>>> print(open('structure21.cif').read())   # mmCIF, C-alpha atoms
data_query
#
loop_
_atom_site.label_atom_id
_atom_site.label_comp_id
_atom_site.auth_asym_id
_atom_site.auth_seq_id
_atom_site.Cartn_x
_atom_site.Cartn_y
_atom_site.Cartn_z
CA MET A 1 0.00 0.00 0.00
CA ASN A 2 1.00 3.55 -0.71
CA ASN A 3 0.65 4.91 2.84
CA GLY A 4 2.63 7.56 4.67
CA SER A 5 3.20 11.29 4.52
CA PRO A 6 3.33 13.26 1.29
CA ARG A 7 6.86 13.35 -0.12
CA LEU A 8 6.50 17.04 -0.94
CA PRO A 9 4.84 18.81 1.98
CA ARG A 10 1.94 20.96 0.81
CA GLU A 11 3.49 24.03 2.46
CA SER A 12 6.57 23.68 0.26
CA LEU A 13 4.46 24.08 -2.90
CA THR A 14 3.47 27.46 -4.30
CA GLU A 15 -0.16 27.98 -5.28
CA GLY A 16 -0.33 29.06 -8.91
CA ILE A 17 3.19 27.78 -9.70
CA SER A 18 3.00 24.07 -9.01
CA ILE A 19 -0.32 23.40 -7.24
CA GLY A 20 -2.93 25.01 -9.48
CA GLY A 21 -0.19 26.10 -11.86
CA GLU A 22 -0.45 26.38 -15.64
CA LEU A 23 0.47 22.75 -16.30
CA GLU A 24 -1.81 21.31 -13.65
CA LEU A 25 -4.71 23.40 -14.96
CA ALA A 26 -3.99 22.19 -18.50
CA ILE A 27 -4.05 18.58 -17.29
CA ALA A 28 -7.44 19.25 -15.70
CA ASP A 29 -8.57 20.93 -18.93
CA PHE A 30 -7.57 17.86 -20.96
CA ALA A 31 -9.26 15.53 -18.47
CA ALA A 32 -12.48 17.55 -18.63
CA ALA A 33 -12.47 17.44 -22.44
CA VAL A 34 -12.06 13.65 -22.34
CA MET A 35 -15.00 13.38 -19.96
CA ARG A 36 -17.20 15.69 -22.04
CA ASN A 37 -16.50 13.81 -25.24
CA GLY A 38 -16.17 10.26 -23.98
CA SER A 39 -18.30 7.18 -24.43
CA ASP A 40 -21.65 6.74 -22.68
CA GLN A 41 -20.68 3.16 -21.75
CA ALA A 42 -20.44 4.04 -18.09
CA ILE A 43 -19.75 0.55 -16.77
CA ILE A 44 -16.92 -0.09 -19.24
CA ARG A 45 -15.40 3.29 -18.38
CA GLU A 46 -15.67 2.53 -14.67
CA LEU A 47 -14.00 -0.86 -15.06
CA VAL A 48 -11.14 0.78 -16.94
CA ARG A 49 -10.87 3.62 -14.41
CA LEU A 50 -10.66 1.16 -11.52
CA ARG A 51 -8.09 -0.96 -13.38
CA CYS A 52 -5.94 2.17 -13.71
CA ALA A 53 -6.45 2.80 -9.98
CA GLN A 54 -5.33 -0.76 -9.17
CA ILE A 55 -2.22 -0.69 -11.32
CA HIS A 56 -1.12 2.73 -10.11
CA ASP A 57 -2.23 1.93 -6.55
CA CYS A 58 -4.00 5.27 -6.32
CA ARG A 59 -5.85 5.60 -3.03
CA LEU A 60 -8.02 8.48 -4.20
CA CYS A 61 -9.13 6.76 -7.42
CA GLY A 62 -9.75 3.47 -5.63
CA SER A 63 -12.03 5.18 -3.13
CA LEU A 64 -14.37 6.51 -5.82
CA ARG A 65 -17.23 5.04 -7.81
CA ILE A 66 -18.71 6.88 -10.75
CA LYS A 67 -22.36 7.54 -10.08
CA ASP A 68 -23.46 6.97 -13.68
CA ALA A 69 -21.93 3.49 -13.53
CA LEU A 70 -23.62 2.74 -10.20
CA ASP A 71 -26.92 3.88 -11.70
CA GLN A 72 -26.36 1.50 -14.62
CA GLY A 73 -25.72 -1.47 -12.32
CA PHE A 74 -22.04 -1.32 -11.42
CA ASP A 75 -21.44 -2.88 -8.00
CA GLU A 76 -18.67 -4.27 -5.83
CA GLN A 77 -19.17 -7.75 -7.25
CA LEU A 78 -18.04 -6.35 -10.60
CA GLN A 79 -15.28 -4.35 -8.95
CA ARG A 80 -13.83 -7.47 -7.32
CA GLN A 81 -13.49 -9.15 -10.70
CA ILE A 82 -11.24 -6.48 -12.17
CA ALA A 83 -7.97 -7.68 -10.63
CA SER A 84 -8.42 -11.16 -12.13
CA TYR A 85 -10.44 -10.16 -15.15
CA GLU A 86 -8.84 -12.76 -17.42
CA THR A 87 -10.55 -15.53 -15.43
CA SER A 88 -13.64 -13.54 -14.47
CA ASN A 89 -17.27 -13.54 -15.54
CA LEU A 90 -16.92 -10.09 -17.06
CA SER A 91 -18.28 -9.71 -20.60
CA PRO A 92 -15.93 -10.24 -23.55
CA GLN A 93 -16.33 -6.52 -24.32
CA ALA A 94 -15.22 -5.56 -20.81
CA VAL A 95 -12.27 -7.96 -20.99
CA ALA A 96 -11.19 -6.44 -24.30
CA ALA A 97 -11.32 -2.94 -22.79
CA LEU A 98 -9.27 -4.07 -19.79
CA ARG A 99 -6.68 -5.72 -22.05
CA LEU A 100 -6.34 -2.44 -23.92
CA CYS A 101 -5.90 -0.65 -20.59
CA ASP A 102 -3.20 -3.09 -19.50
CA ALA A 103 -1.41 -2.80 -22.82
CA ILE A 104 -1.21 0.97 -22.46
CA ILE A 105 -0.17 1.01 -18.83
CA MET A 106 2.00 -2.07 -18.56
CA SER A 107 3.32 -3.20 -21.91
CA PRO A 108 2.59 -1.03 -24.96
CA SER A 109 4.88 -3.17 -27.08
CA SER A 110 2.57 -6.13 -26.45
CA ALA A 111 -0.31 -4.49 -28.32
CA ASP A 112 -0.66 -6.64 -31.40
CA GLU A 113 -2.99 -7.73 -34.18
CA ALA A 114 -4.84 -10.08 -31.84
CA LEU A 115 -5.69 -7.19 -29.52
CA ARG A 116 -6.62 -5.03 -32.48
CA ASP A 117 -8.98 -7.70 -33.85
CA GLU A 118 -10.49 -8.34 -30.44
CA LEU A 119 -11.15 -4.65 -29.87
CA ARG A 120 -12.74 -4.29 -33.28
CA ASN A 121 -15.12 -7.12 -32.47
CA HIS A 122 -16.56 -5.02 -29.67
CA PHE A 123 -15.82 -1.35 -30.34
CA THR A 124 -15.68 1.21 -33.13
CA ASP A 125 -12.41 3.04 -33.80
CA HIS A 126 -13.97 6.07 -32.13
CA GLN A 127 -14.67 4.05 -28.99
CA ILE A 128 -11.21 2.44 -29.02
CA THR A 129 -9.44 5.78 -29.17
CA GLY A 130 -11.88 7.13 -26.59
CA LEU A 131 -10.83 4.32 -24.24
CA CYS A 132 -7.17 5.15 -24.90
CA LEU A 133 -7.80 8.77 -23.94
CA ASP A 134 -9.69 7.55 -20.87
CA VAL A 135 -6.66 5.54 -19.77
CA MET A 136 -4.48 8.63 -20.08
CA LYS A 137 -7.03 10.68 -18.16
CA TRP A 138 -7.39 8.05 -15.41
CA SER A 139 -3.61 7.87 -15.12
CA GLN A 140 -3.17 11.53 -14.22
CA GLN A 141 -2.92 10.44 -10.59
CA LYS A 142 0.46 8.85 -11.34
CA ALA A 143 2.00 12.20 -10.48
CA LEU A 144 0.27 12.34 -7.10
CA VAL A 145 0.97 8.66 -6.36
CA SER A 146 4.68 9.17 -7.04
CA LEU A 147 4.73 12.04 -4.55
CA ARG A 148 2.40 10.20 -2.17
CA MET A 149 -0.15 12.97 -2.39
CA ASP A 150 -2.97 10.66 -3.45
CA ALA A 151 -4.74 10.16 -0.12
CA ALA A 152 -8.51 10.51 -0.31
CA PRO A 153 -9.69 13.34 1.95
CA TRP A 154 -12.68 11.21 3.01
CA GLY A 155 -10.51 8.35 4.28
CA ASP A 156 -11.72 4.80 3.64
CA THR A 157 -15.30 5.71 2.71
CA THR A 158 -16.14 4.75 -0.85
CA THR A 159 -17.51 7.95 -2.38
CA THR A 160 -19.47 8.78 -5.52
CA LEU A 161 -17.87 10.69 -8.36
CA MET A 162 -19.87 12.69 -10.87
CA PHE A 163 -18.90 15.06 -13.66
CA ASN A 164 -20.59 18.37 -14.33
CA ASP A 165 -21.48 19.71 -17.78
CA GLN A 166 -17.94 21.07 -18.14
CA GLY A 167 -16.48 17.61 -17.47
CA ASP A 168 -15.03 18.61 -14.11
CA PRO A 169 -15.22 16.15 -11.20
CA VAL A 170 -17.79 16.57 -8.46
CA PHE A 171 -17.33 14.42 -5.38
CA GLY A 172 -20.54 13.25 -3.78
CA LYS A 173 -21.77 11.14 -0.92
CA PRO A 174 -20.82 7.70 0.33
CA ALA A 175 -21.45 5.31 -2.54
CA TYR A 176 -22.97 2.52 -0.49
CA ARG A 177 -25.36 2.55 2.40
CA GLU A 178 -23.21 0.13 4.44
CA ASN A 179 -20.39 2.69 4.45
CA MET B 1 4.51 14.70 -28.44
CA LEU B 2 1.96 12.68 -30.35
CA ALA B 3 3.35 11.25 -33.57
CA LYS B 4 1.93 13.13 -36.55
CA ASN B 5 -0.08 10.22 -37.91
CA ILE B 6 -1.51 9.40 -34.49
CA GLN B 7 -2.39 13.02 -33.91
CA GLU B 8 -4.25 13.16 -37.21
CA GLN B 9 -6.15 9.94 -36.51
CA LEU B 10 -7.06 11.05 -33.01
CA ALA B 11 -8.02 14.55 -34.11
CA ALA B 12 -10.42 13.15 -36.71
CA MET B 13 -12.30 11.27 -34.00
CA HIS B 14 -11.74 13.35 -30.86
CA PRO B 15 -10.87 16.88 -32.02
CA GLU B 16 -11.25 18.71 -28.73
CA SER B 17 -9.39 16.16 -26.59
CA THR B 18 -6.59 15.96 -29.16
CA LEU B 19 -6.22 19.73 -29.21
CA LYS B 20 -6.00 19.80 -25.41
CA LEU B 21 -3.50 16.92 -25.44
CA THR B 22 -1.31 18.68 -27.99
CA ARG B 23 -1.39 21.85 -25.89
CA LEU B 24 -0.58 19.79 -22.81
CA ASN B 25 2.52 18.39 -24.44
CA GLN B 26 3.68 21.85 -25.51
CA LEU B 27 3.11 23.21 -22.03
CA SER B 28 5.01 20.34 -20.42
CA ARG B 29 8.08 21.45 -22.32
CA GLU B 30 7.59 25.07 -21.29
CA THR B 31 7.10 24.48 -17.57
CA THR B 32 10.02 22.23 -16.72
CA ASP B 33 13.68 21.75 -17.64
CA VAL B 34 13.21 20.68 -21.24
CA GLU B 35 16.63 19.04 -21.61
CA LEU B 36 15.97 16.90 -18.57
CA LEU B 37 12.46 16.08 -19.80
CA ASP B 38 13.78 15.13 -23.24
CA LEU B 39 16.40 12.88 -21.68
CA CYS B 40 13.75 11.08 -19.62
CA SER B 41 11.41 10.96 -22.61
CA SER B 42 14.10 9.35 -24.74
CA TYR B 43 14.72 6.78 -22.03
CA ILE B 44 11.02 5.97 -21.52
CA ASP B 45 10.35 5.74 -25.24
CA THR B 46 13.20 3.29 -25.72
CA MET B 47 12.20 1.17 -22.74
CA LEU B 48 8.56 1.01 -23.85
CA ARG B 49 9.76 -0.34 -27.18
CA ASP B 50 11.90 -2.98 -25.42
CA LEU B 51 15.06 -1.57 -26.97
CA PRO B 52 18.48 -0.91 -25.42
CA TRP B 53 19.08 2.73 -24.42
CA GLN B 54 22.30 4.66 -24.63
CA PRO B 55 22.59 8.11 -23.02
CA PRO B 56 23.62 10.79 -25.50
CA ASN B 57 26.39 11.98 -23.16
CA PRO B 58 27.92 10.83 -19.87
CA LEU B 59 25.25 11.45 -17.25
CA THR B 60 25.62 13.95 -14.44
CA ASP B 61 24.52 13.01 -10.92
CA ARG B 62 21.50 15.26 -11.40
CA GLU B 63 20.51 13.51 -14.60
CA LYS B 64 21.01 10.12 -12.96
CA ALA B 65 18.70 11.10 -10.10
CA PHE B 66 15.93 12.23 -12.44
CA LEU B 67 16.35 9.24 -14.74
CA ASN B 68 16.20 6.90 -11.78
CA PHE B 69 12.91 8.50 -10.75
CA ALA B 70 11.58 8.44 -14.32
CA GLU B 71 12.40 4.76 -14.70
CA GLN B 72 10.42 3.81 -11.61
CA PHE B 73 7.62 6.21 -12.58
CA MET B 74 7.36 4.46 -15.91
CA MET B 75 7.57 0.89 -14.61
CA ALA B 76 5.54 0.91 -11.38
CA VAL B 77 4.74 4.29 -9.96
CA SER B 78 3.54 3.00 -6.60
CA ALA B 79 6.96 1.43 -5.98
CA ILE B 80 8.78 4.77 -5.97
CA GLU B 81 10.72 5.12 -2.75
CA ASP B 82 11.21 8.11 -0.47
CA GLN B 83 14.91 8.17 -1.30
CA GLN B 84 14.20 8.60 -5.00
CA VAL B 85 12.24 11.79 -4.33
CA ALA B 86 14.76 12.92 -1.73
CA ALA B 87 17.47 12.54 -4.39
CA LEU B 88 15.62 15.01 -6.62
CA MET B 89 15.46 17.54 -3.80
CA LYS B 90 19.23 17.88 -3.91
CA TYR B 91 18.86 19.47 -7.34
CA ALA B 92 15.42 21.06 -7.51
CA SER B 93 12.84 22.88 -5.39
CA ALA B 94 9.53 21.28 -4.43
CA ASP B 95 7.75 23.41 -7.06
CA GLU B 96 10.21 22.30 -9.74
CA ILE B 97 9.83 18.64 -8.78
CA TYR B 98 6.04 18.90 -8.79
CA CYS B 99 6.05 20.46 -12.28
CA PHE B 100 8.59 17.91 -13.53
CA VAL B 101 6.51 15.00 -12.28
CA ASN B 102 3.38 16.35 -13.95
CA ALA B 103 5.31 16.87 -17.19
CA LEU B 104 6.64 13.32 -16.87
CA TYR B 105 3.07 12.02 -16.63
CA VAL B 106 2.20 13.81 -19.86
CA VAL B 107 5.27 12.51 -21.69
CA ASP B 108 5.02 8.96 -20.35
CA MET B 109 1.34 8.53 -21.20
CA THR B 110 1.61 10.24 -24.57
CA LEU B 111 4.40 7.86 -25.59
CA ARG B 112 2.20 4.94 -24.54
CA LEU B 113 -0.72 6.25 -26.59
CA ASN B 114 1.57 6.66 -29.60
CA LEU B 115 2.63 3.05 -29.41
CA VAL B 116 -0.72 1.44 -28.68
CA ILE B 117 -2.94 3.54 -30.93
CA GLY B 118 -0.45 3.01 -33.72
CA ARG B 119 -0.90 -0.74 -33.31
CA VAL B 120 -4.61 -1.12 -32.63
CA LEU B 121 -5.80 1.23 -35.35
CA LYS B 122 -3.55 0.06 -38.18
#
>>> encode(input="structure21.cif", output="structure tokens")
Amino acid sequence: MNNGSPRLPRESLTEGISIGGELELAIADFAAAVMRNGSDQAIIRELVRLRCAQIHDCRLCGSLRIKDALDQGFDEQLQRQIASYETSNLSPQAVAALRLCDAIIMSPSSADEALRDELRNHFTDHQITGLCLDVMKWSQQKALVSLRMDAAPWGDTTTTLMFNDQGDPVFGKPAYREN
Amino acid sequence: MLAKNIQEQLAAMHPESTLKLTRLNQLSRETTDVELLDLCSSYIDTMLRDLPWQPPNPLTDREKAFLNFAEQFMMAVSAIEDQQVAALMKYASADEIYCFVNALYVVDMTLRLNLVIGRVLK
């Protein structure tokens, strides 16, 4: 687990230079554009987002569940299948999306004709490239993970994540009643 | 940066996101030490292609510290150790490290998109 104190104390960072600086704002701007223009396959996007969270070991990302996906039937039973998706009951479409995610994050040179054919059985080129952009967007927390600044402010409570019309994140309430 | 053919393919399908991604890559080069970023980018690109990497010149201790960080960032970001960040602090302020790490995210992920999109959309 990625526990412990931030490696760069917040007080050592200058607002408007690093935190909230030009580059960070541009990253948020890109992420918002990806959300505004992305696929409406909320469950597939959520599976891919949580796979990114697992691989990067991002505490913040792992603590969130996208509300649209929950509304469409995403639950913790699905979530638990992500880590071992190759032997799971997830749909072939979901498995193809997760293989694309793994290729990008873990071994880009492994992306081959078999993956290409598999993806094309389930997605259009527009959807495939949309998933690629999603993986980049969901990997923005790599920077915070590397500096151990990825702790969720709400602790261990699984929390809903929504996006407003601009594509910016809006954090909501506990995702599950039992929390 | 996105390869030209990838940028064109992406822009045809996702014009706004591609524009923002292109701007993001430009800004990454403007907000951090571009020579250091290019060195790390060259290393990451070569590693992602499973090729041997040779530094263009003998590396300084500063370059070694940043490359060491970049290598772990690329391979398994959650396995970065405190000492690897502490090593950067010998050569850069917290603000500079924060900007560098964000620029590294942009470079690292863009290189990955180049490789994978180039293969799955052929």
>>> residues_around(input="structure21.cif", residues="region 108-116 of chain B", least_positions_apart="3", cutoff="8 Å", atoms="all atoms listed in the file", output="VMD selection string")
(chain A and resid 103 to 105 108 to 109 111 132 to 133 136 139) or (chain B and resid 1 to 3 6 41 44 to 45 48 74 104 to 105 119 to 120)
>>> write_last_selection(input="structure21.cif", atoms="C-alpha atoms", output="PDB file, in the frame of the given file")
ATOM      1  CA  ALA A 103      -1.410  -2.800 -22.820  1.00  0.00           C
ATOM      2  CA  ILE A 104      -1.210   0.970 -22.460  1.00  0.00           C
ATOM      3  CA  ILE A 105      -0.170   1.010 -18.830  1.00  0.00           C
ATOM      4  CA  PRO A 108       2.590  -1.030 -24.960  1.00  0.00           C
ATOM      5  CA  SER A 109       4.880  -3.170 -27.080  1.00  0.00           C
ATOM      6  CA  ALA A 111      -0.310  -4.490 -28.320  1.00  0.00           C
ATOM      7  CA  CYS A 132      -7.170   5.150 -24.900  1.00  0.00           C
ATOM      8  CA  LEU A 133      -7.800   8.770 -23.940  1.00  0.00           C
ATOM      9  CA  MET A 136      -4.480   8.630 -20.080  1.00  0.00           C
ATOM     10  CA  SER A 139      -3.610   7.870 -15.120  1.00  0.00           C
TER      11      SER A 139
ATOM     12  CA  MET B   1       4.510  14.700 -28.440  1.00  0.00           C
ATOM     13  CA  LEU B   2       1.960  12.680 -30.350  1.00  0.00           C
ATOM     14  CA  ALA B   3       3.350  11.250 -33.570  1.00  0.00           C
ATOM     15  CA  ILE B   6      -1.510   9.400 -34.490  1.00  0.00           C
ATOM     16  CA  SER B  41      11.410  10.960 -22.610  1.00  0.00           C
ATOM     17  CA  ILE B  44      11.020   5.970 -21.520  1.00  0.00           C
ATOM     18  CA  ASP B  45      10.350   5.740 -25.240  1.00  0.00           C
ATOM     19  CA  LEU B  48       8.560   1.010 -23.850  1.00  0.00           C
ATOM     20  CA  MET B  74       7.360   4.460 -15.910  1.00  0.00           C
ATOM     21  CA  LEU B 104       6.640  13.320 -16.870  1.00  0.00           C
ATOM     22  CA  TYR B 105       3.070  12.020 -16.630  1.00  0.00           C
ATOM     23  CA  ARG B 119      -0.900  -0.740 -33.310  1.00  0.00           C
ATOM     24  CA  VAL B 120      -4.610  -1.120 -32.630  1.00  0.00           C
TER      25      VAL B 120
END
>>> resolve_selection(input="structure21.cif", expression="the PyMOL selection byres ((chain A and resi 69) around 9)", output="JSON, numbers by chain")
{"A": [41, 42, 43, 44, 45, 46, 65, 66, 67, 68, 70, 71, 72, 73, 74, 75]}
>>> write_last_selection(input="structure21.cif", atoms="C-alpha atoms", output="CSV table (one decimal), keeping the file's coordinate frame")
chain,number,residue,atom,x,y,z
A,41,GLN,CA,-20.7,3.2,-21.8
A,42,ALA,CA,-20.4,4.0,-18.1
A,43,ILE,CA,-19.8,0.6,-16.8
A,44,ILE,CA,-16.9,-0.1,-19.2
A,45,ARG,CA,-15.4,3.3,-18.4
A,46,GLU,CA,-15.7,2.5,-14.7
A,65,ARG,CA,-17.2,5.0,-7.8
A,66,ILE,CA,-18.7,6.9,-10.8
A,67,LYS,CA,-22.4,7.5,-10.1
A,68,ASP,CA,-23.5,7.0,-13.7
A,70,LEU,CA,-23.6,2.7,-10.2
A,71,ASP,CA,-26.9,3.9,-11.7
A,72,GLN,CA,-26.4,1.5,-14.6
A,73,GLY,CA,-25.7,-1.5,-12.3
A,74,PHE,CA,-22.0,-1.3,-11.4
A,75,ASP,CA,-21.4,-2.9,-8.0
>>> resolve_selection(input="structure21.cif", expression="the PyMOL selection byres ((chain B) within 8 of (chain A))", output="MDAnalysis selection string")
chainID B and resid 10 13:14 16:17 20:21 23:24 27:28 31 48:50 73 75:78 80 82 85 94:96 98:99 101:105 109:110 112:113 115:117 119:121
>>> closest_residue(input="structure21.cif", among="B:Leu67, B:Leu51, B:Leu19, B:Met89", to="Leu36 (chain B)", atoms="all atoms listed in the file")
B:Leu67
>>> atom_distance(input="structure21.cif", atom1="CA of Ile82 (chain A)", atom2="CA of Leu50 (chain A)")
7.7 Å
>>> atom_distance(input="structure21.cif", atom1="CA of Thr87 (chain A)", atom2="CA of Val48 (chain A)")
16.4 Å
>>> atom_distance(input="structure21.cif", atom1="CA of Pro169 (chain A)", atom2="CA of Gly62 (chain A)")
14.9 Å
>>> axis_aligned_box(input="structure21.cif", around="region 57-62 of chain B", padding_each_side="8 Å", output="lines of an AutoDock Vina configuration file")
center_x = 24.7
center_y = 13.0
center_z = -17.0
size_x = 22.4
size_y = 20.4
size_z = 28.2
>>> closest_residue(input="structure21.cif", among="B:Trp53, B:Phe66, B:Asn5, B:Gly118", to="Ala86 (chain B)", atoms="only C-alpha atoms")
B:Phe66
>>> closest_residue(input="structure21.cif", among="A:Gly167, A:Gly4, A:Pro92, A:Gly20", to="Asp150 (chain A)", atoms="all atoms listed in the file")
A:Gly4
>>> residues_around(input="structure21.cif", residues="Pro153 (chain A)", least_positions_apart="6", cutoff="12 Å", atoms="all atoms listed in the file", output="JSON, numbers by chain")
{"A": [59, 60, 61, 63, 64, 159, 171]}
>>> closest_residue(input="structure21.cif", among="B:Glu30, B:Glu63, B:Glu8, B:Asp38", to="Tyr91 (chain B)", atoms="all atoms listed in the file")
B:Glu63
>>> closest_residue(input="structure21.cif", among="B:Ala11, B:Val106, B:Ile97, B:Ala87", to="Arg62 (chain B)", atoms="only C-alpha atoms")
B:Ala87
>>> residues_near_point(input="structure21.cif", point="(-20.9, -5.8, -2.8)", cutoff="12 Å", atoms="only C-alpha atoms", output="PyMOL selection string")
chain A and resi 70+73-81+158+175-179
